[in-house]
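Novice: A single structure is presented below for examination.
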Amino acid sequence: MHVVFAAGGTAGHLEPALTTADLLVQRDPTTAVSFVGGSRGLEGELVTARGYPLVATTAQPFPRRLSASAVAFPFLTIEGVWKAAAHLREVSADVVVGFGGYAAVPGYAAAWLTRTPLVIHEANSRAGFANVLGAKWTKNVASVHPGVLAHARPMGLPLRPSVAQLNVAEQRSVARGMWDLPEQGPVVLIFGGSQGARHLNEVIAGSIQALTDARVSVLHAVGRNNLLPDPHPNYRPVAYIDQMDRAYAAADLVVCRSGAMTCAELTAVGVPAIYVPLPIGNGEQAGNSRPIVDAGGGLQVADEAVTSEWLTTTALTLVQDEGRLRTMASAARSLGDRDAGEAMVRWIGDVVEQRRKGR
C-alpha cells in the first residue's frame, strides 16, 4: 500500500498527518508513505526530519486581494496539481490523505484527476477552503466537530503516542524535574503555539511576579522568535518545548490558544486550561475550545479582554482550589480521544481495501 499525504503549511496540519503516517508504518512496515506539500511551509523541515519523501509543489495561499501573486495564483496552482498528479501516477498511489491547509489543494485535486481515493479529516470547528473544496470530491470525510462538513463521520484528531499514552500521575515528578520545578505546589504552563503569542507574552509579563509571590510556579514557552525573559525563582521561560507531553504532566493549569491540536491534546490528557483564542481567521479557534468550556473543562476569554490583572486573579483562584481543578480535569478528559490515530489508520485501510475490491 502506498499512502500519499497532501499536507503542509502549518504544524497544525502537518502533525496529525505525520502521526498517522508513523502509525500506518508501525502497523504494517511494508506500507510506503510520501508527502505532497508546498515549498514555503514547515513541511520542508518536519516531513524530511521524519524520514518521509516530500514532493514540493507550487502551492500558494488563496489570494485575498488583487496583486501580482493573485494573477499568478491559478497558474501556480495548475502547475502544482500536475506535479502532484505525476507523483500519484509514478508511485501508483492507493489513497491520498489530507488534514487541510492551502498546501493540500494540489494533492486533493490530483486525487480527483487521477481517480485516486481521497480521505479528508477536518480538525477545526470551521472548515478551511482546502477541505471545503476537497470534500466535494470524496465521500470519505471526517471531522472532530459535528456539522462542519457535509456527510462527515465523527473522528478525533490523531495524537502523537507520547501524548495519547501519557500517564500524568506517573510522569509528574520526572516532568517537573526537567525544568527544575518544585515537586509540590501548583504549576501553570503557558504557551502560544510553536511561534509563541506576543500578546499573551506581554500580558503574562505583568502577572509573573504576583503568581510566583503566591508560590505558583510558571513554565512559559515564549516562542522561538520572541525575546526570552530572564528567569527567576519559580519562573522558567523557554523558547520552545519539544516534549509537550512532559509539560502537560508537570502542569496543573494551562494558559494557551485554542488550536485544534492543543484542544485535542489537553482533553486527551485531562488538563484544565484558560483558552485565549487567536483573534484572527474565521473564528475557528473560539469554536474549537467552546465544547470544552461548555463541559466545564476550561475557561475561555477573548484576546482583547485578557489583562495581567484578570489573568493573575483568575489563575490564582483556580490553582488554589484543588477540588475545582480536579473537576475541570475530569470534564476535559471526558471529551478526549486517545484512540483517534488507530481509528484513522483503520479507516484508511478500509478505503484502500474497498478500492481494490472494486477493481
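The chains in the C-alpha cells are called A, B, ... from first to last as shown; in each chain the residues are counted from 1, and the ligands are counted from 1 in the order shown.
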Would you return as a ChimeraX atom specification the members of range 18-258 of chain A that DSSP assigns to strand (DSSP E) on this structure's backbone?
Specialist: /A:32-37,54-56,95-98,118-122,140-143,153-154,187-191,217-221,235-238,253-256
Novice: Could you give me, as a ChimeraX atom specification, the residues within 12 Å of Thr327 in chain A, counting only C-alpha atoms and dropping anything in the same chain fewer than 6 positions from it?
Specialist: /A:270-272,295-298,318,321,333-334
Novice: Compile a residue-level contact table for range 307-359 of chain A against range 254-262 of chain A at a cut-off of 12 Å, reporting for every qualifying residue the shortest atom pair and its distance in Å to one decimal, with only C-alpha atoms counted, rows ordered by chain and ascending number, as CSV.
Specialist:
```
residue,atom,partner,partner_atom,distance
A:Leu311,CA,A:Val255,CA,9.1
A:Thr312,CA,A:Val255,CA,11.3
A:Thr314,CA,A:Val255,CA,10.8
A:Ala315,CA,A:Val255,CA,8.8
A:Leu318,CA,A:Val254,CA,10.8
A:Val319,CA,A:Val254,CA,10.4
A:Leu325,CA,A:Val254,CA,11.2
A:Met328,CA,A:Val254,CA,11.8
A:Ala329,CA,A:Val254,CA,11.1
A:Gly336,CA,A:Thr262,CA,11.4
A:Asp337,CA,A:Met261,CA,11.8
```
Novice: Name all residues at most 12 Å from Pro291 in chain A (count only C-alpha atoms; drop same-chain ones fewer than 6 positions away) and give them as an MDAnalysis selection string.
Specialist: chainID A and resid 124:125 144:146 258 260 263:264 267 275 285 297:300 331:332 334:336
Novice: What is the distance, in Å and to one decimal place, between CA of Val168 in chain A and CA of Val187 in chain A?
Specialist: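 Answer for the CA of Val168 in chain A to CA of Val187 in chain A separation: 13.4 Å.
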Novice: With only C-alpha atoms as the atoms that count, which of A:Ala110, A:Ser217, A:Pro29, A:Val238 lies nearest to Val81 in chain A?
Specialist: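 The shortest atom-to-atom distance to Val81 in chain A comes from A:Ala110.
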Novice: Taking only C-alpha atoms into account, which of A:Met1, A:Leu157, A:Ala11, A:Val91 comes nearest Arg27 in chain A?
Specialist: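 Looking at the shortest contact to Arg27 in chain A, the residue is A:Met1.
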Novice: Figure out the distance between CA of Ala6 in chain A and CA of Ala340 in chain A, please, to one decimal in Å.
Specialist: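 Result for CA of Ala340 in chain A versus CA of Ala6 in chain A: 19.1 Å, one decimal.
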Novice: I need the residue nearest Pro233 in chain A from this list: A:Val132, A:Ala221, A:Leu266, A:Leu181. Use only C-alpha atoms for the distance.
Specialist: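 Selected residue with least distance to Pro233 in chain A: A:Leu181.
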Novice: Write out as a count of residues only which residues come within 9 Å of range 118-122 of chain A when counting only C-alpha atoms, dropping same-chain ones fewer than 4 positions away.
Specialist: 32
Novice: Report, in Å with one decimal, the straight-line distance from CA of Trp310 in chain A to CA of Ile274 in chain A.
Specialist: 11.4 Å
Novice: Check the smallest atom-to-atom distance from each of A:Ala104, A:Leu88, A:Thr307, A:Phe35 to Ile204 in chain A using only C-alpha atoms, then report the winner.
Specialist: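 Of A:Ala104, A:Leu88, A:Thr307, A:Phe35, the one nearest Ile204 in chain A is A:Thr307, counting only C-alpha atoms.
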